[in-house]
Every structure is written in C-alpha cells, then in structure tokens.
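Colleague: I have a structure I would like to understand better, so I am pasting it below and will then ask my questions one at a time.
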Amino acid sequence: MVQLLKYENLILNAVRSIFMDQPEVLASWEANFINITSGKKTENTSKSFNALLFIIDKIATENDLLIKDIEKWIYEYEDDVLNFVQSFINQEKQTGDTQREVAKNNKVEVVSDLLEREFTETGSAYIYHKLRETISKNEFNYDENYPTAYISNETNSVEAIAQVRTNQEEDLFKLSKQEIEKWKNLTSNALTSMDDLTADIFDIVSILWMKEAQHKDQMIHFHSDDALNLRGLRGRNKVGDTYSTGYRKKERDEIMKRLAALTSIWIKIEKDRLRIIDPESEEFDKIDRVQFNPLFIVDSITIAYRGNVPIGIYECKIKPGEIMAHYLYGSKKSSGYFALKTLQYNPVKQKYHKRLARYLSWQWRIRQKKSDYLRPFSIGGERGILQVIGLEINERHPNRTKETFEGVLDILQKDGVIKRWEYERGYDETSVGTSNKGWLRNYWLKIKVHIEPPTILEELYLKDTTLMMKEQIDFSAASIDPQSIYRSLIEKDTLTEQKQSYRLENITPGLLIRERERRGKLSRLRASKEIGISHSILSRFERGITKPTKVTLKKIQIWLENTN
C-alpha cells in the first residue's frame with residue numbers, strides 16, 4: 001500500500017505541470033487514485049484517468065523508463081501525454097449527447113468547414129469503394145428480376161449483392177398510399193441516374209453523416225443545397241443562417257433525382273454472417289445480417305415537383321442502412337481521407353478525374369499501414385488504371401488514350417489531389433508513337449506509373465496513428481481495469497530497473513557470483529555452459545584477473561536477463 005501511494009504522488013506531481021490549467025481534472029484524478037490504491041471498485045474511474053495511466057505505461061515500457069524517475073523524463077514526453085489524454089478530458093467536459101448534437105447540427109457550419117478543407121474522412125472499406133464504383137459506372141445487370149450487381153474480391157473474403165428496387169412494398173417512410181405511388185414514380189428512373197454524380201451524392205451523404213452522427217442509428221438533416229455547395233456550384237454565399245438559392249434548375253434537379261436513386265439501392269452480404277474486420281487488430285466483428293438492407297434510410301421527406309411531376313428529394317432526414325452504418329461508424333469503422341476536389345469535377349467531362357481520385361483515396365488508405373505509397377500502379381490489365389476509370393482504348397488513335405490518361409494525372413497534380421506522378425524507371429518515350437506499330441499494347445499498356453499522395457495526406461495519416469489507437473481501445477471503466485494497469489506500472493518498474501542493471505558497463509564479477517548463488521548455487525562450470533563461454537574465461541573474470549571482451553559480455557548480459 002505504501003508503494004502504491006508513493007507512485008500515486010509521483011505520477012500526480014509529474015503531470016501537474018502539464019495539466020496545471022485544469023485543476024478540476026487533477027482533483028478528479030486524485031480521487032481516482034484514492035479509489036484504486038484503497039482497493040475499492042473501479043467502475044467510476046474516468047476515461048481520462050484510464051487514458052493517463054495507459055499512455056504513461058506505454059511510454060515507460062517502450063523506452064525502458066522507471067516510473068520512480070517520471071519527474072525527470074516526463075518533460076520529454078509531455079506533448080505525447082497531453083495530446084493523447086486531452087481528447088478524453090474534452091469529452092468529459094461536455095454535458096451529454098444532446099448538447100454535442102446541437103453543437104454539431106448546424107449544417108451551414110459543417111459544410112462551410114468542409115469547403116475550407118482539402119481532405120475529409122469518408123468510407124474506405126472494400127464494399128464501400130466497390131459499391132461506389134458500381135454506381136458510378138452503372139454496372140448493374142438488367143437480366144434479373146431486380147437490376148443486380150455482384151461485389152466480390154479475388155479471395156471472396158467479402159461478397160455482397162446490390163440491387164435497385166424501385167417497387168418496394170415495405171412502408172419504410174411512413175407514407176400514405178398516394179404518397180407511395182408518387183415515391184415509386186420518383187424512383188422509377190433510378191437506373192438512368194446511376195452515374196458519377198450519384199457516386200458523388202453517395203460520398204457527400206456519407207461524409208456529412210460521419211461528421212454529424214453521434215450514434216449509429218441517428219438520422220441527419222440533408223438538403224439538396226448541401227450537395228450543391230460541396231460540389232462548388234453556384235449559391236455558396238450565406239444569407240443569414242441559410243445558403244442563397246441562386247442555383248440553376250438543372251443543377252438542383254440532378255442532385256434531387258440522384259438522391260432519390262440512392263434510396264432505391266439495397267445491399268446484402270453473401271455470407272452466413274456479416275464479418276467486418278478491424279484492420280489494426282485483424283479481428284472480426286460478427287453480426288447477423290443476411291437479408292437485403294437499404295443502402296440509405298430516409299424519413300421526413302420533402303419531394304420537389306414541377307407541376308404534377310416529382311423531380312427528386314429536396315430535403316429529408318437520412319442515415320445509412322444497418323450494413324453500411326457498420327462500415328462508417330464506431331471503433332471498427334473503415335475510413336480514409338478523401339480529396340474534396342473530387343466532388344467539384346464535372347461528372348460528365350471529368351468523370352475519369354473523379355474515378356481515379358476515388359480509387360487513389362481508397363488505395364492510399366490501404367497502403368497507409370505500411371507507408372507503401374510509392375508502389376507503382378499498372379496502366380493496363382484487369383486491375384490497371386484504365387480499367388478502374390473505365391477509359392476505353394482507342395485502337396484507331398492510340399495516342400489519344402495516352403494523352404487522356406496523362407491529362408487526367410496532370411490535372412490531379414495541378415489541383416493537389418496528388419503530389420506528383422511519373423512513369424516507372426526505364427520508361428522510354430521513344431518507344432511510343434506512330435513510328436512504332438503496336439506500341440500501345442506491346443509496350444505502353446505493360447508499364448507502370450508511380451503516383452505520390454500529397455504531403456498533407458501523409459501527415460493526416462501519421463497524425464491518425466494515435467487516433468486509431470484511441471478508437472480501438474475503450475477507456476471506459478467497464479472495459480479497462482485501472483487498478484491492474486497501475487500495479488503493472490510498478491511491476492514493470494522493478495523489471496526495467498533490473499534490466500538496466502544488466503547493461504554491459506554494469507556487469508561485474510560480484511553481479512555474476514550473486515546471480516549464480518540466486519540460481520541455486522549454480523557451479524561455474526554449469527554457468528559457463530549456459531552462457532556459452534569457456535569455464536576458464538568465467539573463472540578469470542569472477543576472480544578479477546581479466547576483463548572479458550564485448551562479445552563475451554553480451555553473452556553474459558543475455559544470460560542475466562534470462563532470469564528463471
């Protein structure tokens with residue numbers, strides 16, 4: 001007990017200077033310490049207190065530091081401690097989900113904030129990316145009862161079916177019979193609305209929901225203006241608490257029509273269980289969900305009409321369906337950073353720019369874990385960039401294919417979506433062109449290209465390394481035992497101190513003799529065999545006759561640290 005209290009005072013004194021402007025937090029931690037050192041139950045310890053113990057334990061363990069010396073080394077790591085713990089303190093200072101929701105629910109502020117950014121968080125799960133790609137290219141098979149797309153990867157670890165269902169009987173939206181008929185009329189053109197603009201709306205709704213939702217089942221308010229503003233079209237100026245309404249009719253109509261199209265998509269995971277993998281822990285989160293589930297669920301719908309003809313959804317409340325919500329919310333969500341410039345490219349004239357930007361954002365999220373950003377991309381082939389963006393090869397004028405490809409990359413570089421691009425080493429420009437017959441298929445389609453992410457994206461992922469650790473560890477008292485962590489700190493302190501005593505410069509004849517005694521009065525002969533040195537070398541060292549070589553000392557150090 002005395003030892004526990006001694007460490008309590010050391011830790012509190014050490015972190016006092018870091019959190020000196022938050023005396024109420026220090027007072028609460030002191031109360032938490034009293035609980036765990038007195039052996040009381042720890043259900044009420046705060047998340048910030050648990051996070052504090054966690055990060056101190058992590059720093060000490062990774063750097064072989066003694067907790068009893070914390071006041072000496074804490075200054076070197078105060079930024080790490082502050083950055084890690086402060087977010088939990090901020091959460092505790094808020095008064096509950098309701099106030100947090102009110103603070104975030106001003107859509108004008110959310111959208112305005114996004115307009116100031118270059119990148120933002122959106123879905124990056126395989127199913128999210130492939131579904132978005134399916135929508136952008138309208139890859140639904142029309143020969144089945146419902147237009148259907150099968151989504152699977154090469155290893156079949158993820159399989160899903162997406163269907164466009166415009167005649168659902170389910171009363172999802174609490175509409176009257178008359179309104180249901182209007183709704184069916186509205187979504188009847190869904191298939192003709194599956195394109196790159198619909199993929200943009202898919203991203204926009206997902207981005208806004210991820211920013212605003214405080215729980216998995218929360219609906220957010222969505223207005224067609226939100227999409228128009230994020231796409232950088234007319235009407236960005238605010239008038240009071242709303243946006244100006246100076247959009248061309250066609251622009252608004254296209255947005256409303258595509259939002260309606262998204263609500264007609266249903267998805268199903270083709271497994272006995274839906275398995276969502278946490279990319280860091282590589283563990284599966286299993287939930288029962290095998291029936292078709294709407295991609296998005298809407299309510300409180302305002303349908304825009306021109307005369308008696310429904311145009312689309314003017315505004316509504318919306319949330320992802322149960323399957324998609326698992327990929328977009330919570331500690332096991334799969335998300336990455338998305339270039340907001342992607343939304344502003346013209347969905348017809350610059351569809352290749354959009355598709356490549358989306359693909360790269362997904363690929364860079366995958367490569368982030370190993371910082372494998374510079375691995376080259378194939379140009380041709382089933383997995384090449386041309387296939388990804390849907391750029392068909394112009395056999396008659398092959399140079400146009402090459403020029404279009406390079407032009408897309410040049411624009412992405414100019415707009416900051418990528419940092420730079422270049423063909424792989426060994427690329428020979430003289431091997432392409434009209435003078436070399438068959439150059440496109442025989443040479444150019446077989447080479448690869450390096451595409452480097454912008455510096456800001458790498459910095460965001462680097463910053464998120466700590467954030468992902470926070471998301472994957474539940475610091476609530478229900479799932480973490482602060483008393484165990486605290487006692488572990490003390491035990492590790494003893495082991496670290498012992499380990500430090502075994503440094504080469506600290507190995508002495510007396511230390512060796514004491515260790516042989518401790519190990520059951522081990523003989524020199526037996527000890528020399530375990531260490532891997534000759535009996536005579538050990539004998540001369542213990543008697544102070546000769547000093548061992550560095551190689552010999554290293555063997556002795558390993559033996560000492562291998563405590564039985």
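Numbering starts fresh at 1 for the residues of each chain in the structure tokens, the chains themselves are lettered A, B, ... in the order given, and ligands are numbered from 1 as they appear.
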Name the residues of segment 402-496 of chain A that come out as strand (DSSP E) in a backbone DSSP run; write them as a list in words.
Modeller: Arg420, Trp421, Glu422, Tyr423, Lys448, Val449, His450, Ile451 and Glu452 of chain A
Colleague: If you keep all heavy atoms, can you produce a file of those selected residues as a JSON list (two decimals), in the first residue's frame?
Modeller:
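Now in part-v3.json:
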[["chain", "number", "residue", "atom", "x", "y", "z"],
["A", 420, "ARG", "N", 2.65, 14.21, -57.19],
["A", 420, "ARG", "CA", 3.33, 14.13, -58.48],
["A", 420, "ARG", "C", 3.11, 12.73, -59.05],
["A", 420, "ARG", "O", 2.67, 11.83, -58.36],
["A", 420, "ARG", "CB", 4.83, 14.40, -58.35],
["A", 420, "ARG", "CG", 5.59, 13.38, -57.55],
["A", 420, "ARG", "CD", 7.09, 13.64, -57.61],
["A", 420, "ARG", "NE", 7.44, 14.90, -56.99],
["A", 420, "ARG", "CZ", 7.75, 15.03, -55.70],
["A", 420, "ARG", "NH1", 7.74, 13.98, -54.89],
["A", 420, "ARG", "NH2", 8.08, 16.20, -55.20],
["A", 421, "TRP", "N", 3.42, 12.59, -60.33],
["A", 421, "TRP", "CA", 3.34, 11.27, -60.97],
["A", 421, "TRP", "C", 4.47, 11.15, -61.98],
["A", 421, "TRP", "O", 4.96, 12.15, -62.50],
["A", 421, "TRP", "CB", 1.98, 11.06, -61.63],
["A", 421, "TRP", "CG", 1.79, 11.83, -62.90],
["A", 421, "TRP", "CD1", 1.34, 13.12, -63.02],
["A", 421, "TRP", "CD2", 2.06, 11.38, -64.23],
["A", 421, "TRP", "NE1", 1.31, 13.50, -64.34],
["A", 421, "TRP", "CE2", 1.74, 12.45, -65.12],
["A", 421, "TRP", "CE3", 2.52, 10.18, -64.79],
["A", 421, "TRP", "CZ2", 1.88, 12.34, -66.49],
["A", 421, "TRP", "CZ3", 2.67, 10.08, -66.16],
["A", 421, "TRP", "CH2", 2.35, 11.15, -67.00],
["A", 422, "GLU", "N", 4.88, 9.92, -62.25],
["A", 422, "GLU", "CA", 5.90, 9.67, -63.26],
["A", 422, "GLU", "C", 5.86, 8.20, -63.65],
["A", 422, "GLU", "O", 5.46, 7.34, -62.86],
["A", 422, "GLU", "CB", 7.30, 10.05, -62.76],
["A", 422, "GLU", "CG", 7.75, 9.26, -61.54],
["A", 422, "GLU", "CD", 9.12, 9.70, -61.04],
["A", 422, "GLU", "OE1", 9.68, 10.63, -61.64],
["A", 422, "GLU", "OE2", 9.60, 9.10, -60.06],
["A", 423, "TYR", "N", 6.26, 7.94, -64.88],
["A", 423, "TYR", "CA", 6.36, 6.55, -65.31],
["A", 423, "TYR", "C", 7.49, 5.86, -64.54],
["A", 423, "TYR", "O", 8.44, 6.50, -64.07],
["A", 423, "TYR", "CB", 6.62, 6.46, -66.80],
["A", 423, "TYR", "CG", 5.43, 6.86, -67.66],
["A", 423, "TYR", "CD1", 5.45, 8.03, -68.41],
["A", 423, "TYR", "CD2", 4.30, 6.05, -67.71],
["A", 423, "TYR", "CE1", 4.36, 8.39, -69.20],
["A", 423, "TYR", "CE2", 3.21, 6.41, -68.49],
["A", 423, "TYR", "CZ", 3.24, 7.57, -69.23],
["A", 423, "TYR", "OH", 2.16, 7.94, -70.00],
["A", 448, "LYS", "N", 4.24, 0.63, -65.79],
["A", 448, "LYS", "CA", 3.57, 1.08, -64.57],
["A", 448, "LYS", "C", 3.89, 2.55, -64.30],
["A", 448, "LYS", "O", 4.81, 3.12, -64.89],
["A", 448, "LYS", "CB", 3.99, 0.23, -63.37],
["A", 448, "LYS", "CG", 3.56, -1.23, -63.50],
["A", 448, "LYS", "CD", 3.91, -2.03, -62.26],
["A", 448, "LYS", "CE", 3.42, -3.47, -62.40],
["A", 448, "LYS", "NZ", 3.70, -4.26, -61.17],
["A", 449, "VAL", "N", 3.12, 3.13, -63.39],
["A", 449, "VAL", "CA", 3.28, 4.55, -63.10],
["A", 449, "VAL", "C", 3.28, 4.75, -61.59],
["A", 449, "VAL", "O", 2.54, 4.09, -60.85],
["A", 449, "VAL", "CB", 2.14, 5.36, -63.77],
["A", 449, "VAL", "CG1", 0.78, 4.96, -63.23],
["A", 449, "VAL", "CG2", 2.35, 6.85, -63.61],
["A", 450, "HIS", "N", 4.17, 5.63, -61.13],
["A", 450, "HIS", "CA", 4.21, 5.99, -59.71],
["A", 450, "HIS", "C", 3.33, 7.22, -59.49],
["A", 450, "HIS", "O", 3.45, 8.22, -60.21],
["A", 450, "HIS", "CB", 5.64, 6.34, -59.27],
["A", 450, "HIS", "CG", 6.58, 5.18, -59.33],
["A", 450, "HIS", "ND1", 6.66, 4.21, -58.36],
["A", 450, "HIS", "CD2", 7.50, 4.83, -60.29],
["A", 450, "HIS", "CE1", 7.58, 3.32, -58.67],
["A", 450, "HIS", "NE2", 8.10, 3.67, -59.85],
["A", 451, "ILE", "N", 2.43, 7.15, -58.52],
["A", 451, "ILE", "CA", 1.56, 8.28, -58.19],
["A", 451, "ILE", "C", 1.71, 8.55, -56.69],
["A", 451, "ILE", "O", 1.37, 7.71, -55.86],
["A", 451, "ILE", "CB", 0.08, 7.99, -58.53],
["A", 451, "ILE", "CG1", -0.05, 7.55, -59.99],
["A", 451, "ILE", "CG2", -0.78, 9.22, -58.26],
["A", 451, "ILE", "CD1", -1.45, 7.11, -60.38],
["A", 452, "GLU", "N", 2.25, 9.72, -56.37],
["A", 452, "GLU", "CA", 2.58, 10.04, -54.98],
["A", 452, "GLU", "C", 1.46, 10.86, -54.33],
["A", 452, "GLU", "O", 0.98, 11.83, -54.92],
["A", 452, "GLU", "CB", 3.89, 10.81, -54.93],
["A", 452, "GLU", "CG", 4.44, 10.99, -53.53],
["A", 452, "GLU", "CD", 5.81, 11.65, -53.54],
["A", 452, "GLU", "OE1", 6.44, 11.73, -54.62],
["A", 452, "GLU", "OE2", 6.24, 12.10, -52.46]]
Colleague: Using only C-alpha atoms, determine which residues lie at most 7 Å from segment 339-355 of chain A, disregarding the query and same-chain residues fewer than 5 positions distant; provide the list as a list in words.
Modeller: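 Contacts, in chain order: Glu118, Phe119, Thr120, Asp196, Leu197, Asp200, Leu230, Arg231, Gly232, Ile389, Val408 and Val417 of chain A.
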Colleague: I need the residue nearest Leu445 of chain A from this list: A:Gln363, A:His397, A:Ile418, A:Phe377. Use only C-alpha atoms for the distance.
Modeller: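 Of A:Gln363, A:His397, A:Ile418, A:Phe377, the one nearest Leu445 of chain A, counting only C-alpha atoms, is A:Phe377.
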Colleague: Would you mind reading off the distance between atom CA of Ile67 of chain A and atom CA of Thr496 of chain A, one decimal, in Å?
Modeller: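 If I compute the distance from atom CA of Ile67 of chain A to atom CA of Thr496 of chain A, I get 9.4 Å.
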Colleague: For a test of reading the model, state the distance in Å between atom CA of Asn436 of chain A and atom CA of Leu386 of chain A, rounded to one decimal.
Modeller: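 According to the coordinates, atom CA of Asn436 of chain A and atom CA of Leu386 of chain A are separated by 21.3 Å.
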Colleague: Excluding Ala304 of chain A and any residue of its chain fewer than 3 positions from it, enumerate the residues within 12 Å of it, using only C-alpha atoms, and give them as a ChimeraX atom specification.
Modeller: /A:182-183,186,223-224,249,252-257,259-260,301,307-316
Colleague: Using Å and a single decimal, report how far atom CA of Val388 of chain A sits from atom CA of Ile161 of chain A.
Modeller: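 Taking atom CA of Ile161 of chain A and atom CA of Val388 of chain A, their separation equals 19.7 Å.
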Colleague: Nearest to Leu512 of chain A: which of A:Arg425, A:Arg258, A:Arg524, A:Lys107 is it, counting only C-alpha atoms?
Modeller: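 Residue with the minimum atom-to-atom distance to Leu512 of chain A: A:Arg524.
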Colleague: Could you tell me which of A:Ile18, A:Leu262, A:Ile323, A:Val25 comes closest to Ile135 of chain A if we count only C-alpha atoms?
Modeller: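 Going through A:Ile18, A:Leu262, A:Ile323, A:Val25 one by one, the smallest distance to Ile135 of chain A is for A:Leu262.
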Colleague: Residues at most 12 Å from Trp559 of chain A, counting only C-alpha atoms, excluding those fewer than 6 positions away in the same chain, as a ChimeraX atom specification?
Modeller: /A:499,502-503,507,512,515-516,519,527-533,552-553
Colleague: Restricting the calculation to only C-alpha atoms: of A:Val15, A:Ile55, A:Ile411, A:Leu374, which residue gets closest to Ile485 of chain A?
Modeller: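 When distances to Ile485 of chain A are compared using only C-alpha atoms, the smallest one comes from A:Ile55.
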Colleague: My list of candidates is A:Ser488, A:Gly380, A:Gly407, A:Glu121. Which is closest to Tyr443 of chain A when distances are computed with only C-alpha atoms?
Modeller: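 With only C-alpha atoms as the atom set, the closest residue is A:Gly380.
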